[in-house]
>>> print(open('coords_32.json').read())   # JSON, C-alpha atoms
[["chain", "number", "residue", "atom", "x", "y", "z"],
["T", 25, "MET", "CA", 0.00, 0.00, 0.00],
["T", 26, "VAL", "CA", 1.28, 3.44, -0.91],
["T", 27, "SER", "CA", 1.75, 5.86, 1.97],
["T", 28, "TYR", "CA", -0.65, 8.78, 2.20],
["T", 29, "ALA", "CA", 2.41, 11.07, 1.97],
["T", 30, "ALA", "CA", 4.50, 9.88, -0.97],
["T", 31, "ARG", "CA", 6.35, 11.19, -3.99],
["T", 32, "LEU", "CA", 4.18, 11.51, -7.06],
["T", 33, "ASP", "CA", 6.54, 9.60, -9.35],
["T", 34, "LYS", "CA", 6.81, 6.68, -6.93],
["T", 35, "PHE", "CA", 3.04, 6.55, -6.56],
["T", 36, "ILE", "CA", 2.53, 6.39, -10.33],
["T", 37, "SER", "CA", 5.27, 3.79, -10.71],
["T", 38, "GLN", "CA", 3.67, 1.52, -8.10],
["T", 39, "GLU", "CA", 0.10, 2.03, -9.31],
["T", 40, "LEU", "CA", 0.85, 1.40, -13.01],
["T", 41, "SER", "CA", 3.91, -0.87, -12.66],
["T", 42, "TYR", "CA", 5.87, 1.63, -14.77],
["T", 43, "LYS", "CA", 9.63, 2.01, -14.71],
["T", 44, "LYS", "CA", 11.16, 5.27, -13.56],
["T", 45, "ARG", "CA", 11.97, 6.36, -17.13],
["T", 46, "GLN", "CA", 8.37, 5.78, -18.26],
["T", 47, "VAL", "CA", 7.06, 7.97, -15.45],
["T", 48, "GLN", "CA", 9.57, 10.71, -16.29],
["T", 49, "LEU", "CA", 8.36, 10.75, -19.89],
["T", 50, "LEU", "CA", 4.73, 11.03, -18.80],
["T", 51, "LEU", "CA", 5.60, 13.98, -16.59],
["T", 52, "ALA", "CA", 7.63, 15.68, -19.32],
["T", 53, "ARG", "CA", 4.78, 15.31, -21.83],
["T", 54, "GLY", "CA", 2.31, 16.93, -19.43],
["T", 55, "LEU", "CA", 0.25, 13.77, -19.06],
["T", 56, "VAL", "CA", 0.15, 13.85, -15.28],
["T", 57, "ILE", "CA", -2.56, 15.95, -13.61],
["T", 58, "LEU", "CA", -2.31, 16.61, -9.87],
["T", 59, "ASP", "CA", -5.33, 18.24, -8.26],
["T", 60, "ASP", "CA", -6.57, 19.42, -11.69],
["T", 61, "VAL", "CA", -3.24, 21.06, -12.58],
["T", 62, "VAL", "CA", -0.61, 19.67, -14.99],
["T", 63, "CYS", "CA", 2.38, 18.55, -12.94],
["T", 64, "PHE", "CA", 5.91, 18.14, -14.32],
["T", 65, "ASP", "CA", 7.63, 17.52, -10.97],
["T", 66, "GLY", "CA", 7.78, 13.87, -10.00],
["T", 67, "GLU", "CA", 9.22, 14.74, -6.60],
["T", 68, "GLN", "CA", 6.00, 16.53, -5.66],
["T", 69, "ILE", "CA", 4.65, 15.12, -2.39],
["T", 70, "ILE", "CA", 1.07, 13.93, -2.64],
["T", 71, "GLY", "CA", -1.37, 13.76, 0.27],
["T", 72, "GLN", "CA", -4.14, 11.45, 1.32],
["T", 73, "PHE", "CA", -6.75, 13.34, -0.68],
["T", 74, "SER", "CA", -4.70, 14.31, -3.73],
["T", 75, "LYS", "CA", -6.49, 13.83, -7.04],
["T", 76, "ILE", "CA", -4.18, 12.12, -9.54],
["T", 77, "GLU", "CA", -4.80, 11.55, -13.26],
["T", 78, "VAL", "CA", -2.36, 9.95, -15.70],
["T", 79, "GLU", "CA", -2.99, 9.87, -19.48],
["T", 80, "GLY", "CA", -6.61, 10.79, -18.85],
["T", 81, "LYS", "CA", -7.13, 7.97, -16.35],
["T", 82, "LEU", "CA", -8.12, 8.79, -12.78],
["T", 83, "LEU", "CA", -5.79, 6.87, -10.49],
["T", 84, "ARG", "CA", -6.98, 8.18, -7.15],
["T", 85, "HIS", "CA", -9.42, 10.70, -5.79],
["T", 86, "HIS", "CA", -10.27, 10.03, -2.17],
["T", 87, "LYS", "CA", -12.54, 12.59, -0.56],
["T", 88, "PRO", "CA", -12.53, 13.43, 3.14],
["T", 89, "ILE", "CA", -15.54, 12.25, 5.14],
["T", 90, "TYR", "CA", -16.50, 13.36, 8.63],
["T", 91, "VAL", "CA", -19.29, 11.75, 10.65],
["T", 92, "MET", "CA", -20.88, 12.68, 13.95],
["T", 93, "LEU", "CA", -22.72, 9.83, 15.64],
["T", 94, "TYR", "CA", -24.91, 9.77, 18.73],
["T", 95, "LYS", "CA", -23.44, 6.70, 20.40],
["T", 96, "PRO", "CA", -25.93, 4.77, 22.52],
["T", 97, "ALA", "CA", -24.93, 2.98, 25.72],
["T", 98, "GLY", "CA", -23.61, -0.54, 25.20],
["T", 99, "ILE", "CA", -21.98, 0.27, 21.85],
["T", 100, "VAL", "CA", -18.23, -0.15, 21.73],
["T", 101, "SER", "CA", -16.04, 2.57, 20.22],
["T", 102, "ALA", "CA", -14.14, 0.20, 17.95],
["T", 103, "THR", "CA", -14.12, -0.98, 14.36],
["T", 104, "VAL", "CA", -14.27, -4.69, 15.26],
["T", 105, "ASP", "CA", -15.44, -6.44, 18.43],
["T", 106, "ASP", "CA", -16.42, -10.05, 19.10],
["T", 107, "GLN", "CA", -18.77, -9.33, 22.00],
["T", 108, "HIS", "CA", -20.46, -5.99, 21.38],
["T", 109, "THR", "CA", -22.01, -4.02, 18.55],
["T", 110, "THR", "CA", -19.50, -1.50, 17.24],
["T", 111, "ALA", "CA", -20.07, 2.14, 16.36],
["T", 112, "LEU", "CA", -19.35, 1.35, 12.71],
["T", 113, "GLU", "CA", -22.20, -1.17, 12.64],
["T", 114, "LEU", "CA", -24.62, 1.71, 13.29],
["T", 115, "LEU", "CA", -23.57, 3.28, 9.97],
["T", 116, "PRO", "CA", -24.24, 2.12, 6.39],
["T", 117, "PRO", "CA", -21.57, -0.25, 4.98],
["T", 118, "LYS", "CA", -20.11, 2.47, 2.74],
["T", 119, "TYR", "CA", -18.77, 4.16, 5.89],
["T", 120, "HIS", "CA", -17.25, 1.04, 7.44],
["T", 121, "HIS", "CA", -13.74, 2.08, 6.34],
["T", 122, "LEU", "CA", -13.78, 5.06, 8.69],
["T", 123, "HIS", "CA", -11.83, 5.22, 11.95],
["T", 124, "ILE", "CA", -12.89, 6.67, 15.30],
["T", 125, "ALA", "CA", -11.46, 10.00, 16.47],
["T", 126, "GLY", "CA", -11.74, 10.02, 20.25],
["T", 127, "ARG", "CA", -13.42, 7.07, 21.87],
["T", 128, "LEU", "CA", -16.17, 6.80, 24.47],
["T", 129, "ASP", "CA", -16.45, 4.09, 27.13],
["T", 130, "LEU", "CA", -18.84, 1.20, 26.48],
["T", 131, "HIS", "CA", -21.59, 2.60, 28.71],
["T", 132, "SER", "CA", -21.01, 6.29, 27.93],
["T", 133, "THR", "CA", -23.26, 8.00, 25.41],
["T", 134, "GLY", "CA", -23.19, 11.01, 23.13],
["T", 135, "LEU", "CA", -21.00, 12.57, 20.48],
["T", 136, "LEU", "CA", -18.64, 10.22, 18.66],
["T", 137, "LEU", "CA", -16.60, 11.39, 15.67],
["T", 138, "LEU", "CA", -15.44, 9.23, 12.77],
["T", 139, "SER", "CA", -13.45, 10.07, 9.66],
["T", 140, "ASN", "CA", -11.05, 8.86, 6.98],
["T", 141, "ASP", "CA", -8.88, 11.94, 7.55],
["T", 142, "GLY", "CA", -5.99, 10.85, 9.75],
["T", 143, "GLN", "CA", -4.49, 14.32, 10.11],
["T", 144, "TRP", "CA", -7.79, 15.75, 11.35],
["T", 145, "SER", "CA", -8.28, 12.86, 13.75],
["T", 146, "ARG", "CA", -4.86, 13.43, 15.28],
["T", 147, "LYS", "CA", -5.77, 17.07, 15.92],
["T", 148, "ILE", "CA", -8.92, 15.88, 17.68],
["T", 149, "THR", "CA", -7.19, 13.30, 19.87],
["T", 150, "GLN", "CA", -3.61, 14.42, 20.53],
["T", 151, "PRO", "CA", -3.17, 15.76, 24.09],
["T", 152, "GLN", "CA", -1.03, 18.70, 22.95],
["T", 153, "THR", "CA", -3.99, 20.08, 21.00],
["T", 154, "LYS", "CA", -5.85, 20.60, 24.30],
["T", 155, "LEU", "CA", -9.20, 20.55, 22.52],
["T", 156, "ALA", "CA", -12.10, 21.09, 24.91],
["T", 157, "LYS", "CA", -14.51, 18.18, 25.31],
["T", 158, "TYR", "CA", -17.84, 18.67, 27.12],
["T", 159, "TYR", "CA", -19.65, 16.04, 29.17],
["T", 160, "THR", "CA", -22.80, 15.87, 31.26],
["T", 161, "VAL", "CA", -22.13, 13.61, 34.24],
["T", 162, "ASN", "CA", -24.45, 12.13, 36.86],
["T", 163, "VAL", "CA", -22.88, 10.98, 40.12],
["T", 164, "THR", "CA", -24.06, 9.17, 43.24],
["T", 165, "HIS", "CA", -23.50, 11.77, 45.95],
["T", 166, "PRO", "CA", -23.93, 15.58, 46.04],
["T", 167, "ILE", "CA", -21.12, 17.48, 44.35],
["T", 168, "THR", "CA", -19.12, 19.59, 46.79],
["T", 169, "GLN", "CA", -16.96, 22.68, 46.42],
["T", 170, "ASP", "CA", -13.94, 20.51, 47.22],
["T", 171, "GLN", "CA", -14.68, 18.49, 44.09],
["T", 172, "VAL", "CA", -15.04, 21.65, 41.98],
["T", 173, "ASP", "CA", -11.73, 22.96, 43.32],
["T", 174, "GLY", "CA", -10.03, 19.60, 42.86],
["T", 175, "PHE", "CA", -11.03, 19.37, 39.21],
["T", 176, "ASN", "CA", -9.80, 22.91, 38.64],
["T", 177, "GLU", "CA", -6.44, 22.23, 40.26],
["T", 178, "GLY", "CA", -5.88, 18.85, 38.63],
["T", 179, "ILE", "CA", -5.92, 15.45, 40.34],
["T", 180, "TYR", "CA", -2.95, 13.18, 40.89],
["T", 181, "PHE", "CA", -3.16, 9.70, 39.34],
["T", 182, "ALA", "CA", -0.67, 7.50, 41.20],
["T", 183, "PHE", "CA", -0.72, 4.68, 38.63],
["T", 184, "GLU", "CA", 0.61, 6.97, 35.87],
["T", 185, "ASN", "CA", 2.46, 9.23, 38.33],
["T", 186, "LEU", "CA", 0.92, 12.35, 36.84],
["T", 187, "THR", "CA", -1.49, 15.14, 37.63],
["T", 188, "THR", "CA", -4.37, 15.79, 35.25],
["T", 189, "LEU", "CA", -4.69, 19.12, 33.50],
["T", 190, "PRO", "CA", -7.10, 21.57, 35.16],
["T", 191, "ALA", "CA", -10.70, 20.68, 34.29],
["T", 192, "GLN", "CA", -13.88, 22.68, 34.70],
["T", 193, "LEU", "CA", -16.67, 21.26, 36.84],
["T", 194, "HIS", "CA", -19.91, 23.23, 36.58],
["T", 195, "VAL", "CA", -22.60, 22.05, 39.01],
["T", 196, "LEU", "CA", -26.01, 21.74, 37.34],
["T", 197, "SER", "CA", -27.84, 20.08, 40.24],
["T", 198, "GLN", "CA", -26.85, 18.31, 43.43],
["T", 199, "THR", "CA", -25.66, 15.24, 41.57],
["T", 200, "THR", "CA", -25.28, 16.47, 37.96],
["T", 201, "ALA", "CA", -22.46, 18.50, 36.47],
["T", 202, "GLN", "CA", -20.94, 19.61, 33.21],
["T", 203, "VAL", "CA", -17.30, 18.54, 32.97],
["T", 204, "ILE", "CA", -14.94, 20.16, 30.45],
["T", 205, "LEU", "CA", -11.70, 18.29, 29.79],
["T", 206, "LYS", "CA", -8.73, 19.20, 27.61],
["T", 207, "GLU", "CA", -7.22, 15.73, 27.68],
["T", 208, "GLY", "CA", -8.62, 12.22, 27.51],
["T", 209, "ARG", "CA", -6.97, 9.81, 29.89],
["T", 210, "TYR", "CA", -8.27, 6.31, 30.59],
["T", 211, "HIS", "CA", -11.61, 6.53, 32.46],
["T", 212, "GLN", "CA", -10.55, 10.03, 33.46],
["T", 213, "ILE", "CA", -13.89, 11.40, 34.63],
["T", 214, "LYS", "CA", -14.71, 8.29, 36.65],
["T", 215, "ARG", "CA", -11.28, 8.34, 38.25],
["T", 216, "MET", "CA", -11.43, 12.06, 39.05],
["T", 217, "PHE", "CA", -14.77, 11.65, 40.83],
["T", 218, "GLY", "CA", -13.45, 8.42, 42.34],
["T", 219, "HIS", "CA", -10.76, 10.49, 44.03],
["T", 220, "PHE", "CA", -13.62, 11.98, 46.06],
["T", 221, "SER", "CA", -15.39, 8.62, 46.56],
["T", 222, "ASN", "CA", -18.28, 9.78, 44.39],
["T", 223, "PRO", "CA", -19.17, 7.01, 41.91],
["T", 224, "VAL", "CA", -20.22, 8.06, 38.42],
["T", 225, "LEU", "CA", -23.61, 6.79, 37.24],
["T", 226, "ASP", "CA", -23.44, 7.89, 33.60],
["T", 227, "ILE", "CA", -21.45, 10.09, 31.20],
["T", 228, "HIS", "CA", -22.83, 11.83, 28.12],
["T", 229, "ARG", "CA", -20.54, 13.74, 25.72],
["T", 230, "THR", "CA", -22.21, 16.78, 24.19],
["T", 231, "GLN", "CA", -19.43, 18.62, 22.37],
["T", 232, "VAL", "CA", -15.89, 18.30, 20.99],
["T", 233, "GLY", "CA", -14.25, 21.60, 20.08],
["T", 234, "HIS", "CA", -16.79, 23.51, 17.99],
["T", 235, "ILE", "CA", -18.77, 20.35, 17.11],
["T", 236, "LYS", "CA", -21.96, 20.01, 19.13],
["T", 237, "LEU", "CA", -24.31, 17.05, 19.27],
["T", 238, "PRO", "CA", -27.65, 18.37, 17.93],
["T", 239, "ILE", "CA", -30.31, 18.58, 20.62],
["T", 240, "ASP", "CA", -32.81, 16.81, 18.37],
["T", 241, "PHE", "CA", -30.56, 13.76, 17.84],
["T", 242, "VAL", "CA", -31.57, 10.47, 19.42],
["T", 243, "PRO", "CA", -29.23, 7.50, 20.06],
["T", 244, "GLY", "CA", -28.06, 6.04, 16.75],
["T", 245, "ASP", "CA", -28.58, 9.23, 14.72],
["T", 246, "TYR", "CA", -25.66, 10.39, 12.58],
["T", 247, "LYS", "CA", -24.67, 13.15, 10.19],
["T", 248, "VAL", "CA", -22.11, 13.09, 7.37],
["T", 249, "VAL", "CA", -20.28, 16.13, 5.99],
["T", 250, "SER", "CA", -17.30, 16.69, 3.69],
["T", 251, "ASP", "CA", -15.95, 19.59, 5.78],
["T", 252, "PRO", "CA", -15.84, 19.41, 9.59],
["T", 253, "MET", "CA", -16.55, 23.14, 9.80],
["T", 254, "HIS", "CA", -20.00, 22.39, 8.38],
["T", 255, "PHE", "CA", -21.21, 20.44, 11.40]]
>>> encode(input="coords_32.json", output="structure tokens")
Amino acid sequence: MVSYAARLDKFISQELSYKKRQVQLLLARGLVILDDVVCFDGEQIIGQFSKIEVEGKLLRHHKPIYVMLYKPAGIVSATVDDQHTTALELLPPKYHHLHIAGRLDLHSTGLLLLSNDGQWSRKITQPQTKLAKYYTVNVTHPITQDQVDGFNEGIYFAFENLTTLPAQLHVLSQTTAQVILKEGRYHQIKRMFGHFSNPVLDIHRTQVGHIKLPIDFVPGDYKVVSDPMHF
């Protein structure tokens, strides 16, 4: 398989089983079109979604796809699973090649993002991006000011020997809060409340960055766009 970031001449050579000299001649004769523009430079780096035509034949034209899905409880955030229904199984088969950008626990619900755009997904999930993620959380016992302050200061996780980034905890009722995280560590919300011996009952993700789960969505609903700014 050709890498998403590869030299144009090497891509053509592999796709058409042409020798280097044959590819050079095609380029020199103006028979290679890259993103609708004649390209003479075989060293040009192509990307995942580059449109490539050679001698009038379309070799590749992948288009970016972005999906928001309302994940129900009991659905696993994975592409394949032997025991549970996966998020991909809630989508039509034509979208089963997508990957998940930022997972949710099995019993958590809400906004799940999928795409075929690896660069975009990395921006969504990499800790250094510090993208805000919004959750509505129900807990067992009343939420105290100590818990609000603890979230804001960051909580030490002994197993990883680290302190979480400051998180916002906005109390909505005695036992319900909005939590805003800028990282996504393993079972982070449950473990942060667990630090205060306050078991979490359920977690619902409502927003990632600028992307909000529509209020009229029900579990299993999804939306597909070609530009993530159009959510």
>>> residues_around(input="coords_32.json", residues="His131 of chain T", least_positions_apart="5", cutoff="9 Å", atoms="all atoms listed in the file", output="PyMOL selection string")
chain T and resi 96-100+226-227
>>> residues_near_point(input="coords_32.json", point="(-7.3, 6.7, -8.1)", cutoff="12 Å", atoms="all atoms listed in the file", output="VMD selection string")
chain T and resid 26 35 to 36 39 to 40 57 to 59 72 to 78 80 to 87
>>> atom_distance(input="coords_32.json", atom1="atom CA of Asp60 of chain T", atom2="atom CA of Ala29 of chain T")
18.4 Å
>>> atom_distance(input="coords_32.json", atom1="atom CA of Leu136 of chain T", atom2="atom CA of Lys214 of chain T")
18.5 Å
>>> residues_around(input="coords_32.json", residues="Gly54 of chain T", least_positions_apart="5", cutoff="7 Å", atoms="all atoms listed in the file", output="list of chain:residue names")
T:Val62, T:Cys63, T:Phe64
>>> residues_around(input="coords_32.json", residues="Ile70 of chain T", least_positions_apart="6", cutoff="8 Å", atoms="only C-alpha atoms", output="PyMOL selection string")
chain T and resi 28-32
>>> write_last_selection(input="coords_32.json", atoms="C-alpha atoms", output="compact mmCIF listing (two decimals), keeping the file's coordinate frame")
# COMPACT_ATOMS: atom_id res chain seq x y z
CA TYR T 28 -0.65 8.78 2.20
CA ALA T 29 2.41 11.07 1.97
CA ALA T 30 4.50 9.88 -0.97
CA ARG T 31 6.35 11.19 -3.99
CA LEU T 32 4.18 11.51 -7.06
>>> atom_distance(input="coords_32.json", atom1="atom CA of Glu113 of chain T", atom2="atom CA of Val91 of chain T")
13.4 Å
>>> residues_around(input="coords_32.json", residues="Arg127 of chain T", least_positions_apart="3", cutoff="10 Å", atoms="all atoms listed in the file", output="PyMOL selection string")
chain T and resi 100-102+111+124+130+132+135-138+149+208
>>> closest_residue(input="coords_32.json", among="T:Ala201, T:Leu193, T:Leu237, T:Val56", to="Leu93 of chain T", atoms="only C-alpha atoms")
T:Leu237
>>> closest_residue(input="coords_32.json", among="T:Leu55, T:Ala191, T:Tyr119, T:Val47", to="Ser139 of chain T", atoms="all atoms listed in the file")
T:Tyr119
>>> residues_around(input="coords_32.json", residues="Thr168 of chain T", least_positions_apart="4", cutoff="12 Å", atoms="all atoms listed in the file", output="VMD selection string")
chain T and resid 163 172 to 175 193 to 201 217 220 to 222
>>> write_last_selection(input="coords_32.json", atoms="C-alpha atoms", output="PDB file, in the frame of the given file")
ATOM      1  CA  VAL T 163     -22.880  10.980  40.120  1.00  0.00           C
ATOM      2  CA  VAL T 172     -15.040  21.650  41.980  1.00  0.00           C
ATOM      3  CA  ASP T 173     -11.730  22.960  43.320  1.00  0.00           C
ATOM      4  CA  GLY T 174     -10.030  19.600  42.860  1.00  0.00           C
ATOM      5  CA  PHE T 175     -11.030  19.370  39.210  1.00  0.00           C
ATOM      6  CA  LEU T 193     -16.670  21.260  36.840  1.00  0.00           C
ATOM      7  CA  HIS T 194     -19.910  23.230  36.580  1.00  0.00           C
ATOM      8  CA  VAL T 195     -22.600  22.050  39.010  1.00  0.00           C
ATOM      9  CA  LEU T 196     -26.010  21.740  37.340  1.00  0.00           C
ATOM     10  CA  SER T 197     -27.840  20.080  40.240  1.00  0.00           C
ATOM     11  CA  GLN T 198     -26.850  18.310  43.430  1.00  0.00           C
ATOM     12  CA  THR T 199     -25.660  15.240  41.570  1.00  0.00           C
ATOM     13  CA  THR T 200     -25.280  16.470  37.960  1.00  0.00           C
ATOM     14  CA  ALA T 201     -22.460  18.500  36.470  1.00  0.00           C
ATOM     15  CA  PHE T 217     -14.770  11.650  40.830  1.00  0.00           C
ATOM     16  CA  PHE T 220     -13.620  11.980  46.060  1.00  0.00           C
ATOM     17  CA  SER T 221     -15.390   8.620  46.560  1.00  0.00           C
ATOM     18  CA  ASN T 222     -18.280   9.780  44.390  1.00  0.00           C
TER      19      ASN T 222
END
>>> axis_aligned_box(input="coords_32.json", around="segment 157-165 of chain T", padding_each_side="6 Å", output="lines of an AutoDock Vina configuration file")
center_x = -19.5
center_y = 13.9
center_z = 35.6
size_x = 21.9
size_y = 21.5
size_z = 32.6
>>> closest_residue(input="coords_32.json", among="T:Asp33, T:Asp251, T:Asp240, T:Glu207", to="Pro151 of chain T", atoms="all atoms listed in the file")
T:Glu207
>>> closest_residue(input="coords_32.json", among="T:Lys34, T:Lys157, T:Val232, T:Ser250", to="Lys206 of chain T", atoms="all atoms listed in the file")
T:Lys157
>>> closest_residue(input="coords_32.json", among="T:Gln231, T:Pro223, T:Arg53, T:Tyr159", to="Val203 of chain T", atoms="all atoms listed in the file")
T:Tyr159
